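Content type mmCIF, C-alpha atoms, from the file work-v1.cif:
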```
data_data
loop_
_atom_site.label_atom_id
_atom_site.label_comp_id
_atom_site.auth_asym_id
_atom_site.auth_seq_id
_atom_site.Cartn_x
_atom_site.Cartn_y
_atom_site.Cartn_z
CA MET R 199 105.97 175.69 59.27
CA LYS R 200 107.53 172.77 57.42
CA THR R 201 110.42 171.18 59.27
CA LEU R 202 113.02 168.52 58.59
CA THR R 203 111.81 164.96 58.74
CA LEU R 204 112.52 163.66 62.22
CA LEU R 205 113.44 160.17 63.33
CA PRO R 206 110.77 158.05 65.05
CA ASN R 207 110.44 158.32 68.84
CA TYR R 208 112.10 154.94 69.54
CA CYS R 209 115.40 156.34 68.23
CA LYS R 210 115.65 158.65 71.24
CA PRO R 211 116.56 156.02 73.88
CA LEU R 212 118.83 154.29 71.35
CA GLY R 213 120.53 157.63 70.77
CA TRP R 214 121.07 158.11 74.50
CA LEU R 215 122.68 154.66 74.78
CA LEU R 216 124.97 155.38 71.85
CA ALA R 217 125.90 158.86 73.10
CA ILE R 218 126.67 157.65 76.63
CA PHE R 219 128.75 154.80 75.20
CA GLY R 220 130.66 157.21 72.94
CA LEU R 221 131.23 159.73 75.73
CA SER R 222 132.43 157.05 78.14
CA LEU R 223 134.75 155.48 75.58
CA GLY R 224 136.10 158.89 74.58
CA PHE R 225 136.68 159.87 78.20
CA ALA R 226 138.47 156.57 78.84
CA PHE R 227 140.57 157.03 75.70
CA VAL R 228 141.64 160.60 76.49
CA TYR R 229 142.18 160.37 80.24
CA PHE R 230 143.07 156.70 80.79
CA GLU R 231 144.54 155.84 77.36
CA VAL R 232 142.13 152.95 76.94
CA LYS R 233 142.45 151.46 73.46
CA LEU R 234 140.49 148.66 71.86
CA ASP R 235 143.29 146.64 70.29
CA PHE R 236 141.04 144.87 67.77
CA LEU R 237 140.11 148.25 66.27
CA THR R 238 142.88 149.17 63.85
CA SER R 239 142.71 150.72 60.40
CA PHE R 240 142.77 148.42 57.37
CA PHE R 241 145.60 150.35 55.78
CA GLU R 242 148.73 152.09 56.98
CA THR R 243 148.87 155.84 57.10
CA ASP R 244 151.66 158.35 57.57
CA TYR R 245 152.63 158.62 61.21
CA PHE R 246 153.44 162.16 62.37
CA LEU R 247 156.83 161.08 63.76
CA GLY R 248 157.77 159.51 60.42
CA GLY R 249 157.11 156.22 58.70
CA LYS R 250 153.77 154.50 58.31
CA SER R 251 151.67 152.59 60.76
CA LYS R 252 148.17 151.26 61.28
CA GLN R 253 146.03 153.57 63.36
CA ASN R 254 144.01 152.59 66.40
CA LEU R 255 140.39 153.55 65.80
CA THR R 256 139.07 153.68 69.38
CA ASP R 257 138.77 157.46 69.34
CA GLU R 258 137.08 157.35 65.91
CA LEU R 259 134.52 154.89 67.28
CA ALA R 260 133.96 157.02 70.37
CA LEU R 261 133.42 160.21 68.38
CA THR R 262 131.15 158.51 65.84
CA ALA R 263 129.02 156.96 68.59
CA LEU R 264 128.77 160.28 70.44
CA ILE R 265 127.85 162.33 67.35
CA VAL R 266 125.40 159.79 65.91
CA GLY R 267 123.87 159.26 69.36
CA LEU R 268 123.37 162.99 69.99
CA LEU R 269 121.90 163.47 66.51
CA MET R 270 119.44 160.66 67.20
CA VAL R 271 118.44 162.19 70.55
CA GLY R 272 118.08 165.71 69.21
CA PHE R 273 116.30 164.89 65.99
CA SER R 274 113.90 162.17 67.12
CA LYS R 275 110.24 162.96 67.56
CA TYR R 276 108.74 163.27 71.01
CA LYS R 277 105.66 161.20 71.75
CA ILE R 278 103.50 164.24 70.92
CA GLU R 279 105.37 166.31 68.35
CA ASP R 280 103.38 169.53 68.09
CA GLU R 281 104.22 173.04 66.91
CA ARG R 282 105.43 174.11 70.35
CA VAL R 283 107.97 171.30 70.46
CA VAL R 284 109.17 172.37 66.99
CA GLN R 285 109.66 175.89 68.33
CA ILE R 286 111.50 174.66 71.43
CA ARG R 287 113.76 172.52 69.24
CA TYR R 288 114.53 175.45 66.96
CA SER R 289 115.24 177.85 69.84
CA SER R 290 117.48 175.23 71.50
CA LEU R 291 119.49 174.92 68.26
CA GLN R 292 119.85 178.69 68.13
CA TRP R 293 120.87 178.89 71.80
CA ALA R 294 123.43 176.10 71.40
CA ILE R 295 125.14 177.75 68.44
CA LEU R 296 125.33 181.12 70.20
CA VAL R 297 126.64 179.65 73.48
CA ASN R 298 129.12 177.37 71.71
CA TYR R 299 130.65 180.15 69.66
CA ALA R 300 130.76 182.53 72.61
CA ILE R 301 132.86 179.91 74.40
CA VAL R 302 135.03 179.36 71.29
CA LEU R 303 135.72 183.11 71.08
CA VAL R 304 136.70 183.27 74.76
CA CYS R 305 138.98 180.24 74.26
CA ASP R 306 140.45 181.80 71.12
CA TRP R 307 141.78 184.69 73.17
CA THR R 308 142.71 182.83 76.34
CA ILE R 309 144.11 179.44 75.25
CA TYR R 310 147.20 179.20 73.08
CA GLY R 311 149.56 176.76 71.41
CA LEU R 312 148.96 173.03 71.50
CA ASP R 313 146.38 173.43 74.30
CA PHE R 314 144.09 174.99 71.71
CA THR R 315 143.84 171.60 69.98
CA TYR R 316 141.67 170.51 72.92
CA VAL R 317 139.27 173.34 72.04
CA LEU R 318 139.17 172.15 68.45
CA VAL R 319 138.59 168.55 69.51
CA TYR R 320 135.76 169.36 71.94
CA ASN R 321 134.21 171.71 69.39
CA MET R 322 133.50 168.70 67.19
CA PHE R 323 130.57 167.77 69.41
CA THR R 324 129.87 170.61 71.88
CA PRO R 325 127.30 172.40 69.63
CA LEU R 326 125.31 169.17 69.45
CA MET R 327 125.75 168.51 73.14
CA PHE R 328 124.55 171.98 74.16
CA PHE R 329 121.57 171.62 71.83
CA VAL R 330 120.53 168.24 73.24
CA VAL R 331 121.07 169.25 76.86
CA ARG R 332 118.98 172.41 76.49
CA LEU R 333 116.23 170.71 74.51
CA GLU R 334 115.89 167.83 76.95
CA TRP R 335 116.07 170.17 79.96
CA ILE R 336 113.30 172.45 78.67
CA MET R 337 111.11 169.45 77.83
CA PHE R 338 111.81 167.88 81.25
CA ILE R 339 110.91 171.09 83.15
CA ASP R 340 107.82 171.46 81.00
CA LYS R 341 106.60 168.00 81.93
CA ARG R 342 107.05 168.63 85.64
CA LYS R 343 105.28 172.00 85.81
CA PRO R 344 103.32 171.84 89.10
CA GLN R 345 100.42 173.90 87.80
CA LEU R 346 99.40 171.13 85.44
CA GLU R 347 96.22 169.77 86.91
CA ASP R 348 93.16 168.42 85.26
CA GLU R 349 90.92 171.44 85.29
CA LYS R 350 87.22 170.96 84.80
CA MET I 799 98.22 187.93 72.66
CA LYS I 800 95.51 187.39 75.25
CA ASN I 801 92.97 184.62 75.33
CA ASN I 802 90.08 183.37 77.41
CA LEU I 803 90.64 179.74 76.59
CA ARG I 804 90.27 178.67 80.22
CA VAL I 805 86.82 180.25 80.42
CA GLU I 806 85.69 178.69 77.14
CA ARG I 807 86.98 175.32 78.28
CA ALA I 808 85.02 175.65 81.54
CA ILE I 809 81.86 176.49 79.58
CA LEU I 810 82.25 173.34 77.52
CA ASN I 811 83.34 171.41 80.63
CA ILE I 812 86.42 169.82 79.10
CA THR I 813 89.87 169.30 80.59
CA GLN I 814 93.16 170.51 79.21
CA ALA I 815 93.99 166.93 78.25
CA GLU I 816 90.70 166.50 76.37
CA LEU I 817 91.19 169.78 74.52
CA ALA I 818 94.77 168.83 73.71
CA GLU I 819 93.62 165.55 72.23
CA LYS I 820 91.03 167.28 70.05
CA LEU I 821 93.67 169.73 68.84
CA GLY I 822 96.37 167.09 68.31
CA VAL I 823 98.82 168.80 70.66
CA SER I 824 100.25 168.03 74.10
CA ARG I 825 98.56 169.07 77.34
CA GLN I 826 101.62 171.20 78.09
CA THR I 827 100.92 173.19 74.93
CA VAL I 828 97.30 173.89 75.95
CA HIS I 829 98.56 174.89 79.40
CA ALA I 830 101.16 177.21 77.86
CA ILE I 831 98.55 178.83 75.60
CA GLU I 832 96.14 179.42 78.51
CA ASN I 833 98.91 181.01 80.57
CA GLU I 834 99.96 183.13 77.60
CA LYS I 835 103.44 181.59 77.60
CA TYR I 836 103.04 180.42 74.01
CA ILE I 837 101.45 182.10 70.98
CA PRO I 838 99.76 179.43 68.86
CA SER I 839 99.96 179.35 65.09
CA ALA I 840 97.09 180.50 62.87
CA LEU I 841 96.19 176.86 62.21
CA LEU I 842 95.90 176.05 65.89
CA VAL I 843 93.91 179.23 66.58
CA LEU I 844 91.42 178.30 63.85
CA LYS I 845 91.12 174.76 65.23
CA VAL I 846 90.42 176.15 68.71
CA ALA I 847 87.74 178.47 67.34
CA LYS I 848 86.12 175.58 65.48
CA ILE I 849 86.04 173.38 68.59
CA PHE I 850 84.36 176.10 70.66
CA ASN I 851 82.18 177.12 67.70
CA LYS I 852 83.06 180.78 68.15
CA PRO I 853 84.87 183.36 66.02
CA VAL I 854 88.62 183.64 66.60
CA GLU I 855 88.26 187.17 68.01
CA ALA I 856 85.93 185.91 70.72
CA ILE I 857 88.71 183.72 72.13
CA PHE I 858 91.97 185.46 71.16
CA SER I 859 92.75 189.19 71.18
CA LEU I 860 95.72 191.45 70.74
CA GLU I 861 97.30 193.09 73.77
CA GLU I 862 98.01 196.80 74.05
CA GLY I 863 101.07 197.55 72.00
CA GLU I 864 100.36 194.70 69.60
CA GLU I 865 97.64 196.60 67.76
CA PRO I 866 98.67 197.35 64.15
CA GLY I 867 99.35 200.94 63.00
#
```
Turn this file's structure into structure tokens for me.
Amino acid sequence: MKTLTLLPNYCKPLGWLLAIFGLSLGFAFVYFEVKLDFLTSFFETDYFLGGKSKQNLTDELALTALIVGLLMVGFSKYKIEDERVVQIRYSSLQWAILVNYAIVLVCDWTIYGLDFTYVLVYNMFTPLMFFVVRLEWIMFIDKRKPQLEDEK
Amino acid sequence: MKNNLRVERAILNITQAELAEKLGVSRQTVHAIENEKYIPSALLVLKVAKIFNKPVEAIFSLEEGEEPG
């Protein structure tokens, strides 16, 4: 089975660093209103309360780092990239999409008004996050299977 | 799909790791095949048969309910 070209294995730890940085910065931005003052847009845009202003790009940086980081983690080769790993990656993608949209449907019927914008915001990266978490978990459990002994 | 990979490996006196290296897969994959947790592709099945110098049917077989017709 032909698959997409994957990134080299060294991109995986780099991806983790980027994703953790993005998640931390995003968390700090949303819950503690941390803003990197040097990060502003080059041009002014319409401000929703009227007028124009330069936008702070801290949240853009956080989201970009998180998405790019998770993509690097999920689509980098493992040290031994064999057909079983390909199958695990594919099934993890499938699982992530199904779980993500099950949650979106539940939220659709239980969360209303402006609160639903949080669902939309989180949905920008939760499919990727579920995919990476499941893939890495399955591969981690696989490595630690106690029955693996050198059998002669 | 059933297999007697473990028996064949014991006959040739090679470890899971050694077989995995010959096949170009991870040891976890060989382990999963032996424990019938993973069904290998046709390519991998043919490689296994070549390594043990036996026909595919001597190593892999269909379970009841998997027979065609």
All residues 9 Å or closer to Ala294 in chain R, only C-alpha atoms, same chain fewer than 6 positions away omitted, as number ranges by chain: R: 324-330, 332
Target residues per the PyMOL selection byres ((chain I) within 10 of (chain R)), formatted as a PyMOL selection string: chain I and resi 804+807-816+821-831+836-839+842
Residues just named, written with C-alpha atoms as a compact mmCIF listing (two decimals), keeping the file's coordinate frame:
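Saved as result-v3.txt:
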```txt
# COMPACT_ATOMS: atom_id res chain seq x y z
CA ARG I 804 90.27 178.67 80.22
CA ARG I 807 86.98 175.32 78.28
CA ALA I 808 85.02 175.65 81.54
CA ILE I 809 81.86 176.49 79.58
CA LEU I 810 82.25 173.34 77.52
CA ASN I 811 83.34 171.41 80.63
CA ILE I 812 86.42 169.82 79.10
CA THR I 813 89.87 169.30 80.59
CA GLN I 814 93.16 170.51 79.21
CA ALA I 815 93.99 166.93 78.25
CA GLU I 816 90.70 166.50 76.37
CA LEU I 821 93.67 169.73 68.84
CA GLY I 822 96.37 167.09 68.31
CA VAL I 823 98.82 168.80 70.66
CA SER I 824 100.25 168.03 74.10
CA ARG I 825 98.56 169.07 77.34
CA GLN I 826 101.62 171.20 78.09
CA THR I 827 100.92 173.19 74.93
CA VAL I 828 97.30 173.89 75.95
CA HIS I 829 98.56 174.89 79.40
CA ALA I 830 101.16 177.21 77.86
CA ILE I 831 98.55 178.83 75.60
CA TYR I 836 103.04 180.42 74.01
CA ILE I 837 101.45 182.10 70.98
CA PRO I 838 99.76 179.43 68.86
CA SER I 839 99.96 179.35 65.09
CA LEU I 842 95.90 176.05 65.89
```
Explicit residues for the PyMOL selection byres ((chain R and resi 256) around 8) (as number ranges by chain): R: 223-224, 227, 233-234, 237, 254-255, 257-260
Just-selected residues, C-alpha atoms written as a CSV table (one decimal), keeping the file's coordinate frame:
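Done, and the output landed in out.csv:
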```csv
chain,number,residue,atom,x,y,z
R,223,LEU,CA,134.8,155.5,75.6
R,224,GLY,CA,136.1,158.9,74.6
R,227,PHE,CA,140.6,157.0,75.7
R,233,LYS,CA,142.4,151.5,73.5
R,234,LEU,CA,140.5,148.7,71.9
R,237,LEU,CA,140.1,148.2,66.3
R,254,ASN,CA,144.0,152.6,66.4
R,255,LEU,CA,140.4,153.6,65.8
R,257,ASP,CA,138.8,157.5,69.3
R,258,GLU,CA,137.1,157.4,65.9
R,259,LEU,CA,134.5,154.9,67.3
R,260,ALA,CA,134.0,157.0,70.4
```
Separation of CA of Tyr320 in chain R from CA of Gln292 in chain R, in Å and rounded to one decimal: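 Computed distance, CA of Tyr320 in chain R to CA of Gln292 in chain R, equals 18.8 Å.
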Matched chain/residue IDs from the PyMOL selection byres ((chain I and resi 852-862) around 9), as a PyMOL selection string: chain I and resi 799-803+806+843-844+846-851+863-865
Nearest residue to Ser289 in chain R from the set R:Leu261, R:Val228, R:Leu333, R:Met322 (distances using only C-alpha atoms):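 Using only C-alpha atoms, the shortest distance to Ser289 in chain R belongs to R:Leu333.
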CA of Cys305 in chain R to CA of Gly267 in chain R, distance in Å rounded to a single decimal: 26.3 Å
Interatomic distance (Å, one decimal) between CA of Trp335 in chain R and CA of Val302 in chain R: 22.8 Å
Local residues around (113.7, 163.9, 67.2), at most 7 Å away, using all atoms listed in the file, as a PDB file with C-alpha atoms, in the frame of the given file:
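That gives us part16.pdb:
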```pdb
ATOM      1  CA  LEU R 204     112.520 163.660  62.220  1.00  0.00           C
ATOM      2  CA  LEU R 205     113.440 160.170  63.330  1.00  0.00           C
ATOM      3  CA  PRO R 206     110.770 158.050  65.050  1.00  0.00           C
ATOM      4  CA  ASN R 207     110.440 158.320  68.840  1.00  0.00           C
ATOM      5  CA  LYS R 210     115.650 158.650  71.240  1.00  0.00           C
ATOM      6  CA  MET R 270     119.440 160.660  67.200  1.00  0.00           C
ATOM      7  CA  VAL R 271     118.440 162.190  70.550  1.00  0.00           C
ATOM      8  CA  GLY R 272     118.080 165.710  69.210  1.00  0.00           C
ATOM      9  CA  PHE R 273     116.300 164.890  65.990  1.00  0.00           C
ATOM     10  CA  SER R 274     113.900 162.170  67.120  1.00  0.00           C
ATOM     11  CA  LYS R 275     110.240 162.960  67.560  1.00  0.00           C
ATOM     12  CA  TYR R 276     108.740 163.270  71.010  1.00  0.00           C
TER      13      TYR R 276
END
```
Shortest interatomic distance to Leu216 in chain R - which of R:Ser290, R:Thr308, R:Thr262, R:Asn321, counting all atoms listed in the file: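 The shortest atom-to-atom distance to Leu216 in chain R comes from R:Thr262.
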Option closest in space to Ser222 in chain R, from R:Val284, R:Val319, R:Leu264, R:Leu291 [counting only C-alpha atoms]: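 Closest residue, counting only C-alpha atoms: R:Leu264.
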